[in-house]
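K.L.:
Sharing protein_8.tsv here; it has TSV, N, CA and C atoms.
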chain	number	residue	atom	x	y	z
C	1	MET	N	156.44	125.77	-4.46
C	1	MET	CA	155.56	125.16	-3.48
C	1	MET	C	156.44	124.47	-2.43
C	2	SER	N	156.10	124.63	-1.17
C	2	SER	CA	156.89	124.03	-0.10
C	2	SER	C	156.44	122.59	0.17
C	3	THR	N	157.33	121.85	0.79
C	3	THR	CA	157.04	120.44	1.11
C	3	THR	C	156.05	120.36	2.26
C	4	LEU	N	155.07	119.49	2.13
C	4	LEU	CA	154.06	119.26	3.16
C	4	LEU	C	154.36	117.92	3.81
C	5	ARG	N	154.54	117.93	5.12
C	5	ARG	CA	154.83	116.70	5.87
C	5	ARG	C	153.51	116.09	6.35
C	6	VAL	N	153.23	114.88	5.88
C	6	VAL	CA	151.97	114.19	6.17
C	6	VAL	C	152.25	112.96	7.02
C	7	LEU	N	151.65	112.91	8.19
C	7	LEU	CA	151.70	111.70	9.02
C	7	LEU	C	150.43	110.91	8.75
C	8	HIS	N	150.58	109.69	8.25
C	8	HIS	CA	149.42	108.84	7.97
C	8	HIS	C	149.31	107.76	9.03
C	9	VAL	N	148.10	107.57	9.56
C	9	VAL	CA	147.87	106.62	10.64
C	9	VAL	C	146.73	105.68	10.24
C	10	ASP	N	147.04	104.40	10.15
C	10	ASP	CA	146.02	103.40	9.82
C	10	ASP	C	146.52	102.04	10.30
C	11	ASP	N	145.66	101.26	10.90
C	11	ASP	CA	146.05	99.95	11.40
C	11	ASP	C	146.13	98.90	10.30
C	12	GLU	N	145.63	99.19	9.12
C	12	GLU	CA	145.63	98.22	8.01
C	12	GLU	C	146.86	98.43	7.13
C	13	PRO	N	147.76	97.44	7.08
C	13	PRO	CA	148.99	97.58	6.28
C	13	PRO	C	148.73	97.88	4.80
C	14	ASP	N	147.69	97.28	4.21
C	14	ASP	CA	147.40	97.51	2.79
C	14	ASP	C	147.01	98.97	2.54
C	15	ILE	N	146.23	99.54	3.46
C	15	ILE	CA	145.83	100.94	3.31
C	15	ILE	C	147.05	101.85	3.48
C	16	ARG	N	147.90	101.55	4.46
C	16	ARG	CA	149.12	102.36	4.64
C	16	ARG	C	149.96	102.35	3.37
C	17	GLU	N	150.11	101.17	2.77
C	17	GLU	CA	150.91	101.08	1.55
C	17	GLU	C	150.28	101.86	0.40
C	18	LEU	N	148.96	101.73	0.23
C	18	LEU	CA	148.26	102.44	-0.84
C	18	LEU	C	148.38	103.96	-0.65
C	19	VAL	N	148.21	104.43	0.58
C	19	VAL	CA	148.31	105.87	0.84
C	19	VAL	C	149.74	106.35	0.60
C	20	GLU	N	150.73	105.59	1.04
C	20	GLU	CA	152.12	105.99	0.80
C	20	GLU	C	152.41	106.10	-0.70
C	21	ILE	N	151.94	105.14	-1.47
C	21	ILE	CA	152.15	105.17	-2.92
C	21	ILE	C	151.42	106.37	-3.52
C	22	SER	N	150.16	106.54	-3.13
C	22	SER	CA	149.34	107.62	-3.67
C	22	SER	C	149.94	109.00	-3.36
C	23	LEU	N	150.27	109.23	-2.10
C	23	LEU	CA	150.83	110.53	-1.73
C	23	LEU	C	152.25	110.69	-2.24
C	24	GLY	N	152.94	109.57	-2.42
C	24	GLY	CA	154.30	109.62	-2.95
C	24	GLY	C	154.37	110.08	-4.39
C	25	LEU	N	153.26	110.06	-5.11
C	25	LEU	CA	153.23	110.56	-6.48
C	25	LEU	C	153.42	112.07	-6.53
C	26	ASP	N	153.14	112.75	-5.43
C	26	ASP	CA	153.29	114.20	-5.35
C	26	ASP	C	154.67	114.51	-4.78
C	27	PRO	N	155.55	115.11	-5.57
C	27	PRO	CA	156.92	115.36	-5.10
C	27	PRO	C	157.00	116.37	-3.95
C	28	ASP	N	155.91	117.08	-3.69
C	28	ASP	CA	155.91	118.09	-2.63
C	28	ASP	C	155.36	117.56	-1.31
C	29	LEU	N	155.09	116.26	-1.25
C	29	LEU	CA	154.60	115.65	-0.02
C	29	LEU	C	155.66	114.67	0.52
C	30	ARG	N	155.90	114.76	1.82
C	30	ARG	CA	156.74	113.76	2.51
C	30	ARG	C	155.81	113.01	3.44
C	31	VAL	N	155.84	111.70	3.40
C	31	VAL	CA	154.89	110.88	4.15
C	31	VAL	C	155.62	109.99	5.13
C	32	LYS	N	155.08	109.95	6.33
C	32	LYS	CA	155.53	109.00	7.36
C	32	LYS	C	154.27	108.26	7.81
C	33	SER	N	154.37	106.94	7.94
C	33	SER	CA	153.21	106.14	8.31
C	33	SER	C	153.40	105.49	9.66
C	34	CYS	N	152.29	105.29	10.35
C	34	CYS	CA	152.32	104.50	11.58
C	34	CYS	C	151.00	103.75	11.71
C	35	ALA	N	151.00	102.74	12.60
C	35	ALA	CA	149.91	101.76	12.62
C	35	ALA	C	148.93	101.91	13.77
C	36	SER	N	149.14	102.89	14.66
C	36	SER	CA	148.23	102.99	15.81
C	36	SER	C	148.17	104.42	16.33
C	37	GLY	N	147.18	104.66	17.15
C	37	GLY	CA	147.06	105.96	17.80
C	37	GLY	C	148.24	106.27	18.69
C	38	ASN	N	148.70	105.29	19.44
C	38	ASN	CA	149.87	105.51	20.30
C	38	ASN	C	151.11	105.85	19.49
C	39	ASP	N	151.32	105.13	18.38
C	39	ASP	CA	152.44	105.44	17.50
C	39	ASP	C	152.30	106.84	16.92
C	40	ALA	N	151.08	107.23	16.60
C	40	ALA	CA	150.83	108.56	16.04
C	40	ALA	C	151.20	109.66	17.03
C	41	LEU	N	150.87	109.47	18.29
C	41	LEU	CA	151.20	110.48	19.30
C	41	LEU	C	152.71	110.68	19.38
C	42	ALA	N	153.46	109.58	19.38
C	42	ALA	CA	154.92	109.67	19.44
C	42	ALA	C	155.48	110.29	18.16
C	43	ALA	N	154.99	109.84	17.00
C	43	ALA	CA	155.51	110.34	15.73
C	43	ALA	C	155.18	111.82	15.54
C	44	ALA	N	154.00	112.25	15.94
C	44	ALA	CA	153.62	113.65	15.80
C	44	ALA	C	154.52	114.55	16.65
C	45	ALA	N	154.83	114.11	17.86
C	45	ALA	CA	155.70	114.89	18.74
C	45	ALA	C	157.13	114.94	18.20
C	46	GLU	N	157.60	113.82	17.67
C	46	GLU	CA	158.98	113.72	17.19
C	46	GLU	C	159.19	114.34	15.81
C	47	TRP	N	158.25	114.11	14.89
C	47	TRP	CA	158.43	114.47	13.48
C	47	TRP	C	157.82	115.82	13.12
C	48	SER	N	156.90	116.32	13.91
C	48	SER	CA	156.21	117.61	13.66
C	48	SER	C	155.61	117.70	12.26
C	49	PRO	N	154.63	116.86	11.96
C	49	PRO	CA	154.02	116.92	10.63
C	49	PRO	C	153.20	118.20	10.44
C	50	ASP	N	152.95	118.54	9.19
C	50	ASP	CA	152.09	119.68	8.88
C	50	ASP	C	150.62	119.30	8.94
C	51	VAL	N	150.34	118.02	8.73
C	51	VAL	CA	148.97	117.52	8.74
C	51	VAL	C	149.01	116.03	9.07
C	52	ILE	N	147.94	115.55	9.71
C	52	ILE	CA	147.82	114.13	10.04
C	52	ILE	C	146.59	113.58	9.32
C	53	LEU	N	146.79	112.50	8.58
C	53	LEU	CA	145.73	111.79	7.88
C	53	LEU	C	145.50	110.50	8.64
C	54	MET	N	144.33	110.36	9.29
C	54	MET	CA	144.15	109.28	10.26
C	54	MET	C	142.84	108.53	10.08
C	55	ASP	N	142.96	107.21	10.16
C	55	ASP	CA	141.80	106.33	10.15
C	55	ASP	C	140.96	106.57	11.40
C	56	VAL	N	139.67	106.44	11.28
C	56	VAL	CA	138.78	106.61	12.43
C	56	VAL	C	138.76	105.36	13.30
C	57	MET	N	138.58	104.20	12.67
C	57	MET	CA	138.39	102.96	13.42
C	57	MET	C	139.70	102.19	13.51
C	58	MET	N	140.32	102.25	14.69
C	58	MET	CA	141.56	101.50	14.97
C	58	MET	C	141.41	100.87	16.34
C	59	PRO	N	142.05	99.72	16.56
C	59	PRO	CA	141.98	99.09	17.88
C	59	PRO	C	142.76	99.89	18.93
C	60	VAL	N	142.43	99.66	20.18
C	60	VAL	CA	143.05	100.26	21.37
C	60	VAL	C	142.73	101.75	21.48
C	61	MET	N	143.24	102.57	20.56
C	61	MET	CA	142.94	104.00	20.57
C	61	MET	C	142.48	104.39	19.16
C	62	ASP	N	141.20	104.74	19.03
C	62	ASP	CA	140.67	105.07	17.71
C	62	ASP	C	141.07	106.50	17.31
C	63	GLY	N	140.68	106.90	16.11
C	63	GLY	CA	141.03	108.22	15.60
C	63	GLY	C	140.54	109.36	16.47
C	64	PRO	N	139.26	109.39	16.86
C	64	PRO	CA	138.79	110.48	17.71
C	64	PRO	C	139.53	110.55	19.06
C	65	GLN	N	139.84	109.41	19.66
C	65	GLN	CA	140.60	109.41	20.92
C	65	GLN	C	142.00	109.95	20.69
C	66	THR	N	142.62	109.56	19.59
C	66	THR	CA	143.96	110.05	19.27
C	66	THR	C	143.93	111.55	19.04
C	67	LEU	N	142.92	112.03	18.33
C	67	LEU	CA	142.77	113.47	18.11
C	67	LEU	C	142.66	114.21	19.44
C	68	SER	N	141.89	113.67	20.36
C	68	SER	CA	141.74	114.29	21.68
C	68	SER	C	143.08	114.40	22.40
C	69	HIS	N	143.87	113.33	22.34
C	69	HIS	CA	145.19	113.35	22.98
C	69	HIS	C	146.13	114.33	22.28
C	70	LEU	N	146.05	114.42	20.97
C	70	LEU	CA	146.87	115.39	20.23
C	70	LEU	C	146.54	116.81	20.66
C	71	ARG	N	145.26	117.09	20.87
C	71	ARG	CA	144.83	118.45	21.24
C	71	ARG	C	145.25	118.82	22.66
C	72	GLU	N	145.48	117.82	23.51
C	72	GLU	CA	145.89	118.07	24.90
C	72	GLU	C	147.36	118.45	25.02
C	73	ARG	N	148.14	118.22	23.98
C	73	ARG	CA	149.59	118.45	24.03
C	73	ARG	C	149.94	119.72	23.26
C	74	ALA	N	150.70	120.58	23.90
C	74	ALA	CA	151.03	121.87	23.30
C	74	ALA	C	151.73	121.73	21.95
C	75	ASN	N	152.64	120.76	21.83
C	75	ASN	CA	153.41	120.63	20.59
C	75	ASN	C	152.66	119.97	19.44
C	76	THR	N	151.46	119.42	19.69
C	76	THR	CA	150.68	118.80	18.62
C	76	THR	C	149.27	119.38	18.50
C	77	ALA	N	148.91	120.28	19.39
C	77	ALA	CA	147.53	120.79	19.44
C	77	ALA	C	147.09	121.48	18.15
C	78	GLY	N	148.00	122.10	17.46
C	78	GLY	CA	147.62	122.87	16.27
C	78	GLY	C	147.74	122.13	14.95
C	79	ILE	N	148.11	120.87	14.98
C	79	ILE	CA	148.28	120.12	13.73
C	79	ILE	C	146.90	119.74	13.18
C	80	PRO	N	146.58	120.13	11.94
C	80	PRO	CA	145.30	119.72	11.36
C	80	PRO	C	145.23	118.20	11.21
C	81	VAL	N	144.06	117.65	11.53
C	81	VAL	CA	143.84	116.21	11.41
C	81	VAL	C	142.70	115.97	10.43
C	82	ILE	N	142.96	115.12	9.46
C	82	ILE	CA	141.96	114.72	8.47
C	82	ILE	C	141.64	113.26	8.75
C	83	PHE	N	140.36	112.98	8.96
C	83	PHE	CA	139.96	111.60	9.19
C	83	PHE	C	139.69	110.90	7.87
C	84	MET	N	139.98	109.59	7.83
C	84	MET	CA	139.59	108.71	6.73
C	84	MET	C	138.67	107.65	7.33
C	85	THR	N	137.54	107.42	6.67
C	85	THR	CA	136.60	106.46	7.23
C	85	THR	C	135.64	105.91	6.19
C	86	ALA	N	135.22	104.69	6.41
C	86	ALA	CA	134.15	104.11	5.61
C	86	ALA	C	132.79	104.56	6.15
C	87	ARG	N	132.80	105.09	7.37
C	87	ARG	CA	131.57	105.59	8.00
C	87	ARG	C	131.42	107.08	7.68
C	88	ALA	N	130.97	107.36	6.45
C	88	ALA	CA	130.95	108.74	5.99
C	88	ALA	C	129.55	109.23	5.64
C	89	GLN	N	128.59	108.90	6.46
C	89	GLN	CA	127.27	109.47	6.30
C	89	GLN	C	127.27	110.88	6.87
C	90	MET	N	126.28	111.67	6.55
C	90	MET	CA	126.28	113.08	6.95
C	90	MET	C	126.39	113.27	8.46
C	91	ARG	N	125.71	112.45	9.26
C	91	ARG	CA	125.77	112.65	10.71
C	91	ARG	C	127.17	112.32	11.25
C	92	GLU	N	127.83	111.31	10.67
C	92	GLU	CA	129.19	111.01	11.09
C	92	GLU	C	130.14	112.13	10.68
C	93	LEU	N	129.97	112.65	9.47
C	93	LEU	CA	130.78	113.77	9.01
C	93	LEU	C	130.67	114.94	9.98
C	94	ALA	N	129.44	115.29	10.34
C	94	ALA	CA	129.22	116.40	11.27
C	94	ALA	C	129.87	116.11	12.62
C	95	HIS	N	129.76	114.88	13.08
C	95	HIS	CA	130.36	114.51	14.37
C	95	HIS	C	131.88	114.65	14.32
C	96	PHE	N	132.52	114.14	13.28
C	96	PHE	CA	133.98	114.22	13.19
C	96	PHE	C	134.45	115.66	13.08
C	97	LEU	N	133.72	116.47	12.34
C	97	LEU	CA	134.09	117.89	12.24
C	97	LEU	C	133.89	118.60	13.58
C	98	SER	N	132.86	118.21	14.33
C	98	SER	CA	132.63	118.83	15.65
C	98	SER	C	133.74	118.48	16.64
C	99	LEU	N	134.44	117.38	16.40
C	99	LEU	CA	135.56	116.99	17.26
C	99	LEU	C	136.81	117.81	16.95
C	100	GLY	N	136.78	118.54	15.85
C	100	GLY	CA	137.92	119.37	15.49
C	100	GLY	C	138.70	118.89	14.28
C	101	ALA	N	138.17	117.90	13.55
C	101	ALA	CA	138.85	117.43	12.34
C	101	ALA	C	138.81	118.52	11.28
C	102	ALA	N	139.90	118.63	10.52
C	102	ALA	CA	139.96	119.59	9.43
C	102	ALA	C	139.11	119.13	8.25
C	103	GLY	N	138.86	117.83	8.17
C	103	GLY	CA	138.07	117.28	7.08
C	103	GLY	C	137.93	115.78	7.24
C	104	VAL	N	137.14	115.20	6.35
C	104	VAL	CA	136.90	113.76	6.35
C	104	VAL	C	136.98	113.27	4.90
C	105	ILE	N	137.80	112.26	4.68
C	105	ILE	CA	137.91	111.65	3.37
C	105	ILE	C	137.29	110.25	3.45
C	106	PRO	N	136.24	110.03	2.68
C	106	PRO	CA	135.57	108.73	2.74
C	106	PRO	C	136.40	107.62	2.09
C	107	LYS	N	136.29	106.42	2.67
C	107	LYS	CA	136.84	105.21	2.09
C	107	LYS	C	135.71	104.49	1.37
C	108	PRO	N	135.92	103.93	0.24
C	108	PRO	CA	137.18	103.92	-0.47
C	108	PRO	C	137.48	105.31	-1.06
C	109	PHE	N	138.75	105.65	-1.13
C	109	PHE	CA	139.18	106.94	-1.64
C	109	PHE	C	139.81	106.76	-3.01
C	110	ASP	N	139.90	107.85	-3.75
C	110	ASP	CA	140.52	107.83	-5.07
C	110	ASP	C	142.01	108.13	-4.90
C	111	PRO	N	142.89	107.15	-5.14
C	111	PRO	CA	144.32	107.38	-4.96
C	111	PRO	C	144.88	108.51	-5.81
C	112	MET	N	144.23	108.78	-6.94
C	112	MET	CA	144.73	109.82	-7.84
C	112	MET	C	144.40	111.23	-7.36
C	113	THR	N	143.41	111.37	-6.49
C	113	THR	CA	143.04	112.71	-5.99
C	113	THR	C	143.34	112.88	-4.51
C	114	LEU	N	143.88	111.86	-3.87
C	114	LEU	CA	144.12	111.92	-2.42
C	114	LEU	C	145.08	113.05	-2.05
C	115	ALA	N	146.17	113.21	-2.77
C	115	ALA	CA	147.14	114.25	-2.45
C	115	ALA	C	146.50	115.63	-2.51
C	116	ASP	N	145.69	115.87	-3.53
C	116	ASP	CA	145.02	117.17	-3.65
C	116	ASP	C	144.06	117.40	-2.49
C	117	ALA	N	143.31	116.36	-2.10
C	117	ALA	CA	142.38	116.49	-0.98
C	117	ALA	C	143.13	116.79	0.32
C	118	VAL	N	144.22	116.09	0.56
C	118	VAL	CA	145.02	116.33	1.77
C	118	VAL	C	145.56	117.76	1.77
C	119	ARG	N	146.08	118.20	0.66
C	119	ARG	CA	146.62	119.55	0.56
C	119	ARG	C	145.54	120.60	0.84
C	120	ARG	N	144.39	120.45	0.23
C	120	ARG	CA	143.31	121.43	0.42
C	120	ARG	C	142.80	121.44	1.85
C	121	TYR	N	142.55	120.28	2.42
C	121	TYR	CA	142.08	120.24	3.81
C	121	TYR	C	143.13	120.82	4.76
C	122	SER	N	144.40	120.56	4.49
C	122	SER	CA	145.45	121.06	5.38
C	122	SER	C	145.54	122.58	5.33
C	123	GLN	N	145.05	123.18	4.26
C	123	GLN	CA	145.06	124.62	4.12
C	123	GLN	C	143.71	125.24	4.45
C	124	GLY	N	142.81	124.44	5.01
C	124	GLY	CA	141.52	124.96	5.43
C	124	GLY	C	140.45	124.94	4.36
C	125	GLY	N	140.75	124.39	3.19
C	125	GLY	CA	139.78	124.33	2.11
C	125	GLY	C	139.00	123.04	2.13
C	126	VAL	N	138.02	122.96	1.27
C	126	VAL	CA	137.21	121.75	1.14
C	126	VAL	C	137.34	121.25	-0.29
C	127	PRO	N	137.92	120.06	-0.50
C	127	PRO	CA	138.06	119.55	-1.86
C	127	PRO	C	136.73	119.09	-2.42
C	128	GLY	N	136.32	119.67	-3.51
C	128	GLY	CA	135.09	119.26	-4.17
C	128	GLY	C	133.88	119.51	-3.28
C	129	ASP	N	132.84	118.73	-3.48
C	129	ASP	CA	131.62	118.83	-2.67
C	129	ASP	C	131.68	117.74	-1.61
C	130	ALA	N	132.21	118.09	-0.45
C	130	ALA	CA	132.42	117.11	0.63
C	130	ALA	C	131.11	116.46	1.05
C	131	ALA	N	130.05	117.21	1.09
C	131	ALA	CA	128.77	116.64	1.51
C	131	ALA	C	128.32	115.57	0.53
C	132	ALA	N	128.45	115.85	-0.76
C	132	ALA	CA	128.05	114.87	-1.77
C	132	ALA	C	128.95	113.64	-1.69
C	133	GLU	N	130.27	113.85	-1.51
C	133	GLU	CA	131.18	112.72	-1.42
C	133	GLU	C	130.78	111.80	-0.26
C	134	CYS	N	130.41	112.39	0.86
C	134	CYS	CA	130.09	111.60	2.04
C	134	CYS	C	128.78	110.86	1.86
C	135	GLN	N	127.84	111.42	1.15
C	135	GLN	CA	126.58	110.74	0.93
C	135	GLN	C	126.76	109.54	0.00
C	136	LEU	N	127.72	109.63	-0.91
C	136	LEU	CA	127.95	108.53	-1.85
C	136	LEU	C	128.63	107.35	-1.19
C	137	ALA	N	129.38	107.61	-0.13
C	137	ALA	CA	130.18	106.54	0.49
C	137	ALA	C	129.29	105.55	1.20
For this file, write the structure as structure tokens.
P.N.:
Amino acid sequence: MSTLRVLHVDDEPDIRELVEISLGLDPDLRVKSCASGNDALAAAAEWSPDVILMDVMMPVMDGPQTLSHLRERANTAGIPVIFMTARAQMRELAHFLSLGAAGVIPKPFDPMTLADAVRRYSQGGVPGDAAAECQLA
């Protein structure tokens, strides 16, 4: 199995730490974290991740705005983006997917299954029953 480079973007330091620990349990994942949409744009261009795991609600530039800027740039346009959000009702899920997200992982998330969900979404799959997961959140 090849190494998957994951750029994680969240303005909350505790969430960044939890995600780094969770994804760090998988030896085939390399994780880089940043705290804002602007940092994500720079890191994506510089580091060339295979997938971006990004919070929806962040100050200054939120997840959807950051996704839009990523899509405007040739070197980041094709990177799959997975949103993480506490706002995971069905209409929000549909909205985020319509923006071009590869998937949505509801918060709170299960740290033990996060790596598998990221891997599956990055490969175009859907981990488990995404619709049911979003209704429970």
K.L.:
Figure out the distance between atom C of Asp28 of chain C and atom CA of Thr113 of chain C, please, to one decimal in Å.
P.N.:
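So the answer is 14.0 Å.
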K.L.:
To one decimal place, how far is atom N of Val51 of chain C from atom CA of Pro111 of chain C in Å?
P.N.:
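Rounded to one decimal, the two atoms are 18.4 Å apart.
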K.L.:
Using only N, CA and C atoms for the distances, tell me which of C:Pro27, C:Gly78, C:Gly37, C:Pro49 is nearest to Thr66 of chain C.
P.N.:
C:Gly37
K.L.:
Between C:Leu67, C:Met61, C:Val6, C:Ala74, which one has atoms that come closest to Arg30 of chain C, using only C-alpha atoms?
P.N.:
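Closest residue, counting only C-alpha atoms: C:Val6.
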K.L.:
Fewer than 5 positions away in the same chain doesn't count, so skip those; otherwise give me all residues within 7 Å of Val9 of chain C, counting all atoms listed in the file, as an MDAnalysis selection string.
P.N.:
chainID C and resid 16 32:37 40 52:55
K.L.:
Please, what distance in Å, to one decimal, runs between atom CA of Arg87 of chain C and atom CA of Ala44 of chain C?
P.N.:
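Calculated distance between atom CA of Arg87 of chain C and atom CA of Ala44 of chain C is 24.7 Å.
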K.L.:
Run DSSP on the backbone and tell me which residues of segment 8-137 of chain C come out as alpha helix (DSSP H); list them as an MDAnalysis selection string.
P.N.:
chainID C and resid 13:24 37:47 63:72 90:98 114:122 130:136
K.L.:
Residues at most 8 Å from Lys107 of chain C, counting only N, CA and C atoms, excluding those fewer than 6 positions away in the same chain, as a compact mmCIF listing (two decimals) with N, CA and C atoms, in the coordinates of the input?
P.N.:
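Output below, filename around_0.txt:
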# COMPACT_ATOMS: atom_id res chain seq x y z
N PHE C 83 140.36 112.98 8.96
CA PHE C 83 139.96 111.60 9.19
C PHE C 83 139.69 110.90 7.87
N MET C 84 139.98 109.59 7.83
CA MET C 84 139.59 108.71 6.73
C MET C 84 138.67 107.65 7.33
N THR C 85 137.54 107.42 6.67
CA THR C 85 136.60 106.46 7.23
C THR C 85 135.64 105.91 6.19
N ALA C 86 135.22 104.69 6.41
CA ALA C 86 134.15 104.11 5.61
C ALA C 86 132.79 104.56 6.15
N ARG C 87 132.80 105.09 7.37
CA ARG C 87 131.57 105.59 8.00
C ARG C 87 131.42 107.08 7.68
N ALA C 88 130.97 107.36 6.45
CA ALA C 88 130.95 108.74 5.99
C ALA C 88 129.55 109.23 5.64
N ALA C 137 129.38 107.61 -0.13
CA ALA C 137 130.18 106.54 0.49
C ALA C 137 129.29 105.55 1.20
K.L.:
Going by DSSP on the backbone, which bits of segment 6-90 of chain C are strand (DSSP E)? Write them as an MDAnalysis selection string, please.
P.N.:
chainID C and resid 6:9 29:34 51:55 81:85
K.L.:
Using only N, CA and C atoms, pick whichever of C:Pro80, C:Leu7, C:Ala115, C:Arg120 has the shortest atom-to-atom distance to Leu23 of chain C.
P.N.:
C:Ala115
K.L.:
Could you check the closest approach to Ala117 of chain C for each of C:Ala94, C:Asp14, C:Ser2, C:Ser22 and tell me which residue wins, using only C-alpha atoms?
P.N.:
C:Ser22
K.L.:
Using only C-alpha atoms, pick whichever of C:Pro59, C:Pro13, C:Gly103, C:Pro64 has the shortest atom-to-atom distance to Ile82 of chain C.
P.N.:
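Residue with the minimum atom-to-atom distance to Ile82 of chain C: C:Gly103.
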K.L.:
Can you work out which one of C:Val56, C:Val31, C:Leu41, C:Tyr121 has the shortest atom-to-atom distance to His69 of chain C, counting all atoms listed in the file?
P.N.:
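Selected residue with least distance to His69 of chain C: C:Leu41.
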K.L.:
How would segment 74-81 of chain C look with all heavy atoms restored, written as a PDB file, keeping the file's coordinate frame?
P.N.:
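Writing the result to selection_35.pdb gives the following:
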ATOM      1  N   ALA C  74     150.700 120.580  23.900  1.00  0.00           N
ATOM      2  CA  ALA C  74     151.030 121.870  23.300  1.00  0.00           C
ATOM      3  C   ALA C  74     151.730 121.730  21.950  1.00  0.00           C
ATOM      4  O   ALA C  74     151.449 122.473  21.007  1.00  0.00           O
ATOM      5  CB  ALA C  74     151.888 122.686  24.257  1.00  0.00           C
ATOM      6  N   ASN C  75     152.640 120.760  21.830  1.00  0.00           N
ATOM      7  CA  ASN C  75     153.410 120.630  20.590  1.00  0.00           C
ATOM      8  C   ASN C  75     152.660 119.970  19.440  1.00  0.00           C
ATOM      9  O   ASN C  75     153.146 119.958  18.312  1.00  0.00           O
ATOM     10  CB  ASN C  75     154.741 119.905  20.851  1.00  0.00           C
ATOM     11  CG  ASN C  75     154.549 118.500  21.376  1.00  0.00           C
ATOM     12  OD1 ASN C  75     153.496 118.157  21.916  1.00  0.00           O
ATOM     13  ND2 ASN C  75     155.576 117.680  21.243  1.00  0.00           N
ATOM     14  N   THR C  76     151.460 119.420  19.690  1.00  0.00           N
ATOM     15  CA  THR C  76     150.680 118.800  18.620  1.00  0.00           C
ATOM     16  C   THR C  76     149.270 119.380  18.500  1.00  0.00           C
ATOM     17  O   THR C  76     148.535 119.011  17.584  1.00  0.00           O
ATOM     18  CB  THR C  76     150.572 117.267  18.838  1.00  0.00           C
ATOM     19  OG1 THR C  76     149.932 117.008  20.095  1.00  0.00           O
ATOM     20  CG2 THR C  76     151.946 116.603  18.787  1.00  0.00           C
ATOM     21  N   ALA C  77     148.910 120.280  19.390  1.00  0.00           N
ATOM     22  CA  ALA C  77     147.530 120.790  19.440  1.00  0.00           C
ATOM     23  C   ALA C  77     147.090 121.480  18.150  1.00  0.00           C
ATOM     24  O   ALA C  77     145.913 121.411  17.793  1.00  0.00           O
ATOM     25  CB  ALA C  77     147.373 121.740  20.629  1.00  0.00           C
ATOM     26  N   GLY C  78     148.000 122.100  17.460  1.00  0.00           N
ATOM     27  CA  GLY C  78     147.620 122.870  16.270  1.00  0.00           C
ATOM     28  C   GLY C  78     147.740 122.130  14.950  1.00  0.00           C
ATOM     29  O   GLY C  78     147.467 122.719  13.897  1.00  0.00           O
ATOM     30  N   ILE C  79     148.110 120.870  14.980  1.00  0.00           N
ATOM     31  CA  ILE C  79     148.280 120.120  13.730  1.00  0.00           C
ATOM     32  C   ILE C  79     146.900 119.740  13.180  1.00  0.00           C
ATOM     33  O   ILE C  79     146.116 119.079  13.875  1.00  0.00           O
ATOM     34  CB  ILE C  79     149.110 118.842  13.949  1.00  0.00           C
ATOM     35  CG1 ILE C  79     150.495 119.183  14.495  1.00  0.00           C
ATOM     36  CG2 ILE C  79     149.233 118.061  12.629  1.00  0.00           C
ATOM     37  CD1 ILE C  79     151.301 117.963  14.947  1.00  0.00           C
ATOM     38  N   PRO C  80     146.580 120.130  11.940  1.00  0.00           N
ATOM     39  CA  PRO C  80     145.300 119.720  11.360  1.00  0.00           C
ATOM     40  C   PRO C  80     145.230 118.200  11.210  1.00  0.00           C
ATOM     41  O   PRO C  80     146.212 117.571  10.826  1.00  0.00           O
ATOM     42  CB  PRO C  80     145.282 120.388   9.984  1.00  0.00           C
ATOM     43  CG  PRO C  80     146.372 121.394   9.995  1.00  0.00           C
ATOM     44  CD  PRO C  80     147.362 120.965  11.030  1.00  0.00           C
ATOM     45  N   VAL C  81     144.060 117.650  11.530  1.00  0.00           N
ATOM     46  CA  VAL C  81     143.840 116.210  11.410  1.00  0.00           C
ATOM     47  C   VAL C  81     142.700 115.970  10.430  1.00  0.00           C
ATOM     48  O   VAL C  81     141.627 116.571  10.555  1.00  0.00           O
ATOM     49  CB  VAL C  81     143.505 115.574  12.777  1.00  0.00           C
ATOM     50  CG1 VAL C  81     143.089 114.117  12.614  1.00  0.00           C
ATOM     51  CG2 VAL C  81     144.691 115.696  13.726  1.00  0.00           C
TER      52      VAL C  81
END
